[in-house]
file structure15.txt (compact mmCIF, C-alpha atoms and all ligand atoms)
# COMPACT_ATOMS: atom_id res chain seq x y z
CA MET O 14 1.63 36.64 -17.52
CA CYS O 15 0.25 37.00 -14.00
CA ILE O 16 1.69 34.86 -11.21
CA TYR O 17 -1.65 33.09 -10.66
CA ARG O 18 -1.80 31.87 -14.30
CA LEU O 19 1.81 30.68 -14.12
CA TRP O 20 0.97 28.84 -10.90
CA VAL O 21 -2.07 27.18 -12.54
CA ILE O 22 -0.03 26.14 -15.60
CA ASN O 23 2.75 24.72 -13.42
CA ASN O 24 0.25 22.86 -11.25
CA LYS O 25 -1.37 21.37 -14.36
CA LYS O 26 2.08 20.24 -15.55
CA ILE O 27 2.84 18.66 -12.16
CA ASN O 28 -0.53 16.87 -12.11
CA TYR O 29 0.08 15.63 -15.66
CA LEU O 30 3.53 14.37 -14.64
CA ILE O 31 2.09 12.56 -11.58
CA ILE O 32 -0.53 10.86 -13.79
CA MET O 33 2.17 9.86 -16.32
CA ILE O 34 4.37 8.38 -13.55
CA PHE O 35 1.37 6.49 -12.14
CA HIS O 36 0.61 4.99 -15.56
CA LEU O 37 4.27 3.96 -15.96
CA ILE O 38 4.17 2.24 -12.54
CA MET O 39 0.91 0.49 -13.45
CA SER O 40 2.24 -0.76 -16.78
CA TYR O 41 5.33 -2.07 -14.94
CA TYR O 42 3.19 -4.08 -12.48
CA ASN O 43 0.77 -5.23 -15.21
CA ASN O 44 3.72 -6.37 -17.36
CA ILE O 45 5.42 -8.36 -14.61
CA SER O 46 2.16 -9.76 -13.20
CA SER O 47 2.80 -13.33 -14.44
CA GLY O 48 6.17 -13.51 -12.73
CA TYR O 49 5.33 -11.28 -9.73
CA ASP O 50 5.12 -14.04 -7.11
CA GLU O 51 8.31 -15.69 -8.30
CA LEU O 52 10.14 -12.34 -8.21
CA TYR O 53 8.91 -11.02 -4.86
CA LYS O 54 7.38 -13.85 -2.82
CA GLU O 55 10.39 -14.58 -0.63
CA GLU O 56 11.05 -10.98 0.39
CA GLN O 57 7.37 -10.18 0.99
CA LEU O 58 6.95 -13.30 3.15
CA ASN O 59 9.83 -12.14 5.31
CA LYS O 60 8.05 -8.81 5.89
CA ILE O 61 4.70 -10.39 6.80
CA LYS O 62 6.45 -12.76 9.23
CA LEU O 63 7.96 -9.75 11.03
CA ILE O 64 4.57 -8.03 11.06
CA LEU O 65 2.89 -11.10 12.53
CA GLN O 66 5.49 -11.24 15.30
CA ASN O 67 4.52 -7.69 16.25
CA VAL O 68 0.80 -7.39 15.54
CA LYS O 69 -1.62 -9.82 17.12
CA ILE O 70 -4.13 -11.03 14.53
CA ASN O 71 -7.06 -13.24 15.59
CA SER O 72 -8.99 -15.57 13.32
CA GLU O 73 -12.09 -13.30 13.56
CA ASP O 74 -10.17 -10.12 12.74
CA LYS O 75 -11.00 -8.28 9.54
CA ILE O 76 -7.83 -7.33 7.66
CA LEU O 77 -7.29 -4.85 4.83
CA ASP O 78 -4.20 -5.05 2.60
CA VAL O 79 -3.67 -1.76 0.75
CA GLY O 80 -1.69 -2.14 -2.49
CA CYS O 81 -2.13 -5.90 -2.11
CA GLY O 82 -0.76 -6.93 -5.52
CA THR O 83 -1.39 -10.69 -5.84
CA GLY O 84 -1.73 -11.09 -2.05
CA VAL O 85 1.45 -13.11 -2.11
CA SER O 86 1.76 -13.15 1.69
CA TRP O 87 -1.90 -13.82 2.56
CA ASP O 88 -1.48 -17.56 3.20
CA LEU O 89 0.52 -16.73 6.34
CA ILE O 90 -2.14 -14.42 7.81
CA PRO O 91 -4.20 -16.38 10.37
CA THR O 92 -7.65 -15.25 9.21
CA GLN O 93 -9.80 -15.85 6.12
CA ASN O 94 -11.30 -12.42 6.56
CA ILE O 95 -8.93 -10.45 4.31
CA VAL O 96 -9.77 -7.80 1.75
CA GLY O 97 -7.21 -6.30 -0.63
CA ILE O 98 -7.25 -3.22 -2.81
CA ASP O 99 -4.92 -2.55 -5.75
CA PRO O 100 -5.12 -0.55 -8.99
CA SER O 101 -3.37 -3.24 -11.09
CA ASN O 102 -6.07 -5.33 -12.77
CA GLU O 103 -3.42 -7.77 -14.05
CA LEU O 104 -1.99 -8.48 -10.59
CA ILE O 105 -5.50 -9.03 -9.22
CA GLU O 106 -6.39 -11.24 -12.18
CA LYS O 107 -3.35 -13.45 -11.48
CA SER O 108 -4.23 -13.85 -7.80
CA LYS O 109 -5.87 -16.92 -6.31
CA HIS O 110 -7.50 -14.51 -3.83
CA LYS O 111 -9.03 -12.25 -6.49
CA LYS O 112 -12.59 -12.72 -5.16
CA ASN O 113 -11.47 -10.80 -2.06
CA MET O 114 -9.80 -7.99 -3.98
CA ILE O 115 -11.06 -4.59 -5.08
CA LEU O 116 -9.68 -2.80 -8.11
CA GLY O 117 -8.98 0.67 -6.77
CA LYS O 118 -6.53 3.10 -5.26
CA ALA O 119 -5.54 3.82 -1.69
CA GLU O 120 -6.43 7.48 -2.17
CA LYS O 121 -10.18 6.77 -2.46
CA MET O 122 -11.24 3.47 -0.98
CA PRO O 123 -14.88 2.38 -1.27
CA LEU O 124 -14.81 1.17 2.34
CA ARG O 125 -16.50 2.27 5.56
CA ASP O 126 -14.87 4.23 8.40
CA ASN O 127 -13.25 2.02 11.09
CA GLU O 128 -14.16 -1.11 9.13
CA PHE O 129 -10.93 -3.09 9.65
CA ASP O 130 -9.28 -4.45 12.80
CA VAL O 131 -5.87 -4.38 11.14
CA VAL O 132 -4.72 -2.51 8.03
CA ILE O 133 -1.45 -3.56 6.39
CA SER O 134 0.39 -2.19 3.40
CA LEU O 135 3.55 -3.85 2.13
CA THR O 136 5.98 -1.92 -0.10
CA ALA O 137 3.19 0.01 -1.81
CA ILE O 138 2.92 3.49 -0.28
CA HIS O 139 5.82 4.99 -2.30
CA ASN O 140 3.74 4.21 -5.42
CA PHE O 141 0.66 6.16 -4.35
CA GLU O 142 -0.12 9.16 -6.55
CA ASP O 143 -1.03 11.16 -3.45
CA ILE O 144 0.73 9.70 -0.40
CA LYS O 145 -0.89 12.03 2.13
CA LYS O 146 -4.40 11.24 0.87
CA GLY O 147 -3.63 7.48 0.83
CA LEU O 148 -2.41 7.56 4.44
CA ILE O 149 -5.46 9.53 5.58
CA GLU O 150 -7.66 6.91 3.90
CA ILE O 151 -5.72 4.08 5.57
CA LYS O 152 -6.31 5.73 8.94
CA ARG O 153 -10.01 6.31 8.18
CA VAL O 154 -10.85 2.69 7.32
CA GLY O 155 -8.79 1.16 10.14
CA LYS O 156 -9.52 0.90 13.86
CA ASP O 157 -6.28 1.07 15.81
CA LYS O 158 -3.83 -1.49 14.41
CA PHE O 159 -1.73 -0.80 11.33
CA ALA O 160 1.50 -2.17 9.85
CA LEU O 161 3.02 -0.12 7.05
CA SER O 162 6.12 -1.37 5.28
CA ILE O 163 8.01 1.27 3.30
CA LEU O 164 10.73 0.76 0.69
CA LYS O 165 13.98 2.15 2.15
CA LYS O 166 15.48 3.13 -1.19
CA SER O 167 12.46 5.22 -2.17
CA LYS O 168 13.27 8.91 -2.64
CA LYS O 169 9.98 9.59 -0.85
CA LEU O 170 11.03 7.73 2.33
CA ASP O 171 11.62 10.86 4.45
CA PHE O 172 8.32 12.40 3.36
CA ILE O 173 6.42 9.16 4.02
CA LYS O 174 8.03 8.81 7.48
CA LYS O 175 7.08 12.39 8.33
CA GLU O 176 3.47 11.91 7.23
CA ILE O 177 3.15 8.59 9.09
CA ASN O 178 4.46 10.17 12.29
CA LYS O 179 2.07 13.13 11.87
CA LEU O 180 -1.00 10.90 11.44
CA PHE O 181 -0.29 7.87 13.63
CA LYS O 182 1.24 6.98 16.97
CA VAL O 183 4.08 4.71 15.89
CA LYS O 184 4.90 1.97 18.44
CA LYS O 185 7.87 0.47 16.69
CA GLU O 186 10.04 0.86 13.57
CA ILE O 187 11.52 -2.38 12.29
CA ASN O 188 14.56 -2.16 10.07
CA GLU O 189 13.96 -4.99 7.62
CA GLY O 190 16.28 -5.82 4.66
CA LYS O 191 14.71 -3.59 2.00
CA ASP O 192 11.92 -1.91 3.99
CA ILE O 193 11.22 -0.08 7.21
CA ILE O 194 8.12 -1.48 8.88
CA PHE O 195 6.05 0.89 10.99
CA ILE O 196 4.03 -0.89 13.66
CA ILE O 197 1.17 1.32 14.79
C1 LIG O 201 5.91 -3.77 -4.73
S1 LIG O 201 4.18 -4.04 -5.04
C2 LIG O 201 3.71 -4.74 -3.48
C3 LIG O 201 2.49 -5.60 -3.62
C4 LIG O 201 2.08 -6.36 -2.35
N1 LIG O 201 1.85 -5.45 -1.26
C5 LIG O 201 3.07 -7.42 -1.94
O1 LIG O 201 3.45 -7.47 -0.77
O2 LIG O 201 3.45 -8.23 -2.81
C6 LIG O 201 3.47 -2.41 -4.98
C7 LIG O 201 1.97 -2.41 -5.21
O3 LIG O 201 1.45 -1.09 -5.02
C8 LIG O 201 0.33 -0.96 -5.89
N2 LIG O 201 -0.07 0.46 -6.03
C9 LIG O 201 0.43 1.38 -6.86
N3 LIG O 201 -0.25 2.54 -6.73
C10 LIG O 201 -1.19 2.34 -5.78
C11 LIG O 201 -2.23 3.15 -5.22
N4 LIG O 201 -2.41 4.41 -5.60
N5 LIG O 201 -3.04 2.59 -4.29
C12 LIG O 201 -2.87 1.31 -3.90
N6 LIG O 201 -1.90 0.50 -4.40
C13 LIG O 201 -1.08 1.01 -5.33
C14 LIG O 201 0.85 -1.62 -7.16
O4 LIG O 201 -0.19 -1.91 -8.08
C15 LIG O 201 1.54 -2.85 -6.61
O5 LIG O 201 0.67 -3.94 -6.51

call {"tool": "encode", "arguments": {"input": "structure15.txt", "output": "structure tokens", "more": "lines below"}}
Ligand SMILES: C[S@@+](CC[C@H](N)C(=O)[O-])C[C@H]1O[C@@H](n2cnc3c(N)ncnc32)[C@H](O)[C@@H]1O
result
Amino acid sequence: MCIYRLWVINNKKINYLIIMIFHLIMSYYNNISSGYDELYKEEQLNKIKLILQNVKINSEDKILDVGCGTGVSWDLIPTQNIVGIDPSNELIEKSKHKKNMILGKAEKMPLRDNEFDVVISLTAIHNFEDIKKGLIEIKRVGKDKFALSILKKSKKLDFIKKEINKLFKVKKEINEGKDIIFII
């Protein structure tokens, strides 16, 4: 068998595996959607508090939350102008903010270039099917303020850090309990 065919077969297998993993992650979040806020609220609030100490958000600012889940930390953000995007229909369905949420993935967001004053993403990037594509999209839809919180125990942490540093000018790295928060 020629090397090219082997390469195509292996690539197909890898793509299949990535899709399988994504579906497993989605069924996890869909299954825990009823108890999500109870499970994660406290730790996510801690992260948003740190972000708000480091990123100035005005009441007129337009905010995007990528991988927003139920938007558990939105009540602390001092603007009503928040949009979220997440591929878990169950998490969105359980959210009191669902009218402001889009069912979709970070990798292909139906949003305009430079549309948001601040883009945040809390503990979601390690779940993206294509991290590089997701980060490029985050950069595209944002202006110049971003706060990206990454799960420290993720095996993809080093890769994510490298990609963030390639794409953005990081001002500060905050070492939070479970996450590292990149202030950009
Ligand atoms: C640990 S939860 C964090 C949710 C929310 N950011 C919070 O602070 O509660 C991870 C989230 O990433 C979302 N996610 C998974 N794959 C994604 C993708 N490709 N694009 C955007 N979000 C994704 C999941 O559906 C889930 O809501």

call {"tool": "residues_near_ligand", "arguments": {"input": "structure15.txt", "ligand": "ligand LIG 201 (chain O)", "cutoff": "8 Å", "atoms": "only C-alpha atoms and all ligand atoms", "output": "VMD selection string"}}
result
chain O and resid 35 38 to 39 42 to 43 49 to 50 53 to 54 57 to 58 78 to 86 98 to 101 104 117 to 120 134 to 143 147

call {"tool": "atom_distance", "arguments": {"input": "structure15.txt", "atom1": "CA of Val68 in chain O", "atom2": "CA of Ala160 in chain O"}}
result
7.8 Å

call {"tool": "atom_distance", "arguments": {"input": "structure15.txt", "atom1": "CA of Asn188 in chain O", "atom2": "CA of Ile163 in chain O"}}
result
10.0 Å

call {"tool": "residues_around", "arguments": {"input": "structure15.txt", "residues": "Glu189 in chain O", "least_positions_apart": "3", "cutoff": "10 Å", "atoms": "only C-alpha atoms", "output": "PyMOL selection string"}}
result
chain O and resi 56+59-60+63+162-165+186+192-194

call {"tool": "atom_distance", "arguments": {"input": "structure15.txt", "atom1": "CA of Lys191 in chain O", "atom2": "CA of Lys168 in chain O"}}
result
13.4 Å

call {"tool": "build_atoms", "arguments": {"input": "structure15.txt", "residues": "range 85-121 of chain O", "atoms": "N, CA and C atoms", "output": "PDB file, keeping the file's coordinate frame"}}
result
ATOM      1  N   VAL O  85       0.469 -12.026  -2.168  1.00  0.00           N
ATOM      2  CA  VAL O  85       1.450 -13.110  -2.110  1.00  0.00           C
ATOM      3  C   VAL O  85       1.718 -13.613  -0.687  1.00  0.00           C
ATOM      4  N   SER O  86       1.456 -12.744   0.311  1.00  0.00           N
ATOM      5  CA  SER O  86       1.760 -13.150   1.690  1.00  0.00           C
ATOM      6  C   SER O  86       0.508 -13.559   2.477  1.00  0.00           C
ATOM      7  N   TRP O  87      -0.643 -13.593   1.828  1.00  0.00           N
ATOM      8  CA  TRP O  87      -1.900 -13.820   2.560  1.00  0.00           C
ATOM      9  C   TRP O  87      -1.996 -15.190   3.220  1.00  0.00           C
ATOM     10  N   ASP O  88      -1.339 -16.208   2.629  1.00  0.00           N
ATOM     11  CA  ASP O  88      -1.480 -17.560   3.200  1.00  0.00           C
ATOM     12  C   ASP O  88      -0.937 -17.630   4.622  1.00  0.00           C
ATOM     13  N   LEU O  89      -0.050 -16.706   4.983  1.00  0.00           N
ATOM     14  CA  LEU O  89       0.520 -16.730   6.340  1.00  0.00           C
ATOM     15  C   LEU O  89      -0.357 -15.996   7.363  1.00  0.00           C
ATOM     16  N   ILE O  90      -1.318 -15.222   6.890  1.00  0.00           N
ATOM     17  CA  ILE O  90      -2.140 -14.420   7.810  1.00  0.00           C
ATOM     18  C   ILE O  90      -3.247 -15.309   8.401  1.00  0.00           C
ATOM     19  N   PRO O  91      -3.311 -15.387   9.738  1.00  0.00           N
ATOM     20  CA  PRO O  91      -4.200 -16.380  10.370  1.00  0.00           C
ATOM     21  C   PRO O  91      -5.671 -15.989  10.419  1.00  0.00           C
ATOM     22  N   THR O  92      -6.212 -15.498   9.319  1.00  0.00           N
ATOM     23  CA  THR O  92      -7.650 -15.250   9.210  1.00  0.00           C
ATOM     24  C   THR O  92      -8.051 -15.346   7.742  1.00  0.00           C
ATOM     25  N   GLN O  93      -9.284 -15.765   7.505  1.00  0.00           N
ATOM     26  CA  GLN O  93      -9.800 -15.850   6.120  1.00  0.00           C
ATOM     27  C   GLN O  93     -10.447 -14.519   5.739  1.00  0.00           C
ATOM     28  N   ASN O  94     -10.548 -13.647   6.737  1.00  0.00           N
ATOM     29  CA  ASN O  94     -11.300 -12.420   6.560  1.00  0.00           C
ATOM     30  C   ASN O  94     -10.400 -11.281   6.063  1.00  0.00           C
ATOM     31  N   ILE O  95      -9.865 -11.458   4.850  1.00  0.00           N
ATOM     32  CA  ILE O  95      -8.930 -10.450   4.310  1.00  0.00           C
ATOM     33  C   ILE O  95      -9.509  -9.837   3.037  1.00  0.00           C
ATOM     34  N   VAL O  96      -9.372  -8.514   2.958  1.00  0.00           N
ATOM     35  CA  VAL O  96      -9.770  -7.800   1.750  1.00  0.00           C
ATOM     36  C   VAL O  96      -8.526  -7.070   1.259  1.00  0.00           C
ATOM     37  N   GLY O  97      -8.348  -7.035  -0.072  1.00  0.00           N
ATOM     38  CA  GLY O  97      -7.210  -6.300  -0.630  1.00  0.00           C
ATOM     39  C   GLY O  97      -7.717  -5.269  -1.611  1.00  0.00           C
ATOM     40  N   ILE O  98      -6.913  -4.222  -1.792  1.00  0.00           N
ATOM     41  CA  ILE O  98      -7.250  -3.220  -2.810  1.00  0.00           C
ATOM     42  C   ILE O  98      -5.977  -2.895  -3.581  1.00  0.00           C
ATOM     43  N   ASP O  99      -6.092  -2.838  -4.909  1.00  0.00           N
ATOM     44  CA  ASP O  99      -4.920  -2.550  -5.750  1.00  0.00           C
ATOM     45  C   ASP O  99      -5.414  -2.036  -7.109  1.00  0.00           C
ATOM     46  N   PRO O 100      -4.678  -1.066  -7.695  1.00  0.00           N
ATOM     47  CA  PRO O 100      -5.120  -0.550  -8.990  1.00  0.00           C
ATOM     48  C   PRO O 100      -4.646  -1.385 -10.188  1.00  0.00           C
ATOM     49  N   SER O 101      -3.851  -2.446  -9.951  1.00  0.00           N
ATOM     50  CA  SER O 101      -3.370  -3.240 -11.090  1.00  0.00           C
ATOM     51  C   SER O 101      -4.329  -4.407 -11.357  1.00  0.00           C
ATOM     52  N   ASN O 102      -5.109  -4.265 -12.440  1.00  0.00           N
ATOM     53  CA  ASN O 102      -6.070  -5.330 -12.770  1.00  0.00           C
ATOM     54  C   ASN O 102      -5.348  -6.639 -13.098  1.00  0.00           C
ATOM     55  N   GLU O 103      -4.151  -6.543 -13.668  1.00  0.00           N
ATOM     56  CA  GLU O 103      -3.420  -7.770 -14.050  1.00  0.00           C
ATOM     57  C   GLU O 103      -2.952  -8.523 -12.808  1.00  0.00           C
ATOM     58  N   LEU O 104      -2.430  -7.794 -11.810  1.00  0.00           N
ATOM     59  CA  LEU O 104      -1.990  -8.480 -10.590  1.00  0.00           C
ATOM     60  C   LEU O 104      -3.180  -9.158  -9.911  1.00  0.00           C
ATOM     61  N   ILE O 105      -4.306  -8.447  -9.847  1.00  0.00           N
ATOM     62  CA  ILE O 105      -5.500  -9.030  -9.220  1.00  0.00           C
ATOM     63  C   ILE O 105      -5.959 -10.257 -10.006  1.00  0.00           C
ATOM     64  N   GLU O 106      -5.948 -10.128 -11.315  1.00  0.00           N
ATOM     65  CA  GLU O 106      -6.390 -11.240 -12.180  1.00  0.00           C
ATOM     66  C   GLU O 106      -5.546 -12.484 -11.965  1.00  0.00           C
ATOM     67  N   LYS O 107      -4.239 -12.296 -11.650  1.00  0.00           N
ATOM     68  CA  LYS O 107      -3.350 -13.450 -11.480  1.00  0.00           C
ATOM     69  C   LYS O 107      -3.479 -14.071 -10.077  1.00  0.00           C
ATOM     70  N   SER O 108      -4.215 -13.412  -9.194  1.00  0.00           N
ATOM     71  CA  SER O 108      -4.230 -13.850  -7.800  1.00  0.00           C
ATOM     72  C   SER O 108      -5.278 -14.936  -7.531  1.00  0.00           C
ATOM     73  N   LYS O 109      -4.879 -15.901  -6.694  1.00  0.00           N
ATOM     74  CA  LYS O 109      -5.870 -16.920  -6.310  1.00  0.00           C
ATOM     75  C   LYS O 109      -6.881 -16.344  -5.309  1.00  0.00           C
ATOM     76  N   HIS O 110      -6.589 -15.141  -4.802  1.00  0.00           N
ATOM     77  CA  HIS O 110      -7.500 -14.510  -3.830  1.00  0.00           C
ATOM     78  C   HIS O 110      -8.357 -13.421  -4.496  1.00  0.00           C
ATOM     79  N   LYS O 111      -8.428 -13.420  -5.818  1.00  0.00           N
ATOM     80  CA  LYS O 111      -9.030 -12.250  -6.490  1.00  0.00           C
ATOM     81  C   LYS O 111     -10.471 -11.937  -6.073  1.00  0.00           C
ATOM     82  N   LYS O 112     -11.188 -12.969  -5.591  1.00  0.00           N
ATOM     83  CA  LYS O 112     -12.590 -12.720  -5.160  1.00  0.00           C
ATOM     84  C   LYS O 112     -12.636 -11.750  -3.985  1.00  0.00           C
ATOM     85  N   ASN O 113     -11.513 -11.683  -3.235  1.00  0.00           N
ATOM     86  CA  ASN O 113     -11.470 -10.800  -2.060  1.00  0.00           C
ATOM     87  C   ASN O 113     -10.771  -9.480  -2.356  1.00  0.00           C
ATOM     88  N   MET O 114     -10.573  -9.196  -3.641  1.00  0.00           N
ATOM     89  CA  MET O 114      -9.800  -7.990  -3.980  1.00  0.00           C
ATOM     90  C   MET O 114     -10.647  -6.964  -4.733  1.00  0.00           C
ATOM     91  N   ILE O 115     -10.345  -5.704  -4.442  1.00  0.00           N
ATOM     92  CA  ILE O 115     -11.060  -4.590  -5.080  1.00  0.00           C
ATOM     93  C   ILE O 115     -10.068  -3.880  -5.994  1.00  0.00           C
ATOM     94  N   LEU O 116     -10.515  -3.578  -7.212  1.00  0.00           N
ATOM     95  CA  LEU O 116      -9.680  -2.800  -8.110  1.00  0.00           C
ATOM     96  C   LEU O 116      -9.866  -1.328  -7.734  1.00  0.00           C
ATOM     97  N   GLY O 117      -8.823  -0.720  -7.209  1.00  0.00           N
ATOM     98  CA  GLY O 117      -8.980   0.670  -6.770  1.00  0.00           C
ATOM     99  C   GLY O 117      -7.695   1.178  -6.154  1.00  0.00           C
ATOM    100  N   LYS O 118      -7.734   2.450  -5.785  1.00  0.00           N
ATOM    101  CA  LYS O 118      -6.530   3.100  -5.260  1.00  0.00           C
ATOM    102  C   LYS O 118      -6.692   3.432  -3.781  1.00  0.00           C
ATOM    103  N   ALA O 119      -5.542   3.493  -3.113  1.00  0.00           N
ATOM    104  CA  ALA O 119      -5.540   3.820  -1.690  1.00  0.00           C
ATOM    105  C   ALA O 119      -6.164   5.198  -1.428  1.00  0.00           C
ATOM    106  N   GLU O 120      -6.007   6.088  -2.385  1.00  0.00           N
ATOM    107  CA  GLU O 120      -6.430   7.480  -2.170  1.00  0.00           C
ATOM    108  C   GLU O 120      -7.942   7.633  -2.039  1.00  0.00           C
ATOM    109  N   LYS O 121      -8.700   6.660  -2.546  1.00  0.00           N
ATOM    110  CA  LYS O 121     -10.180   6.770  -2.460  1.00  0.00           C
ATOM    111  C   LYS O 121     -10.721   5.345  -2.359  1.00  0.00           C
TER     112      LYS O 121
END
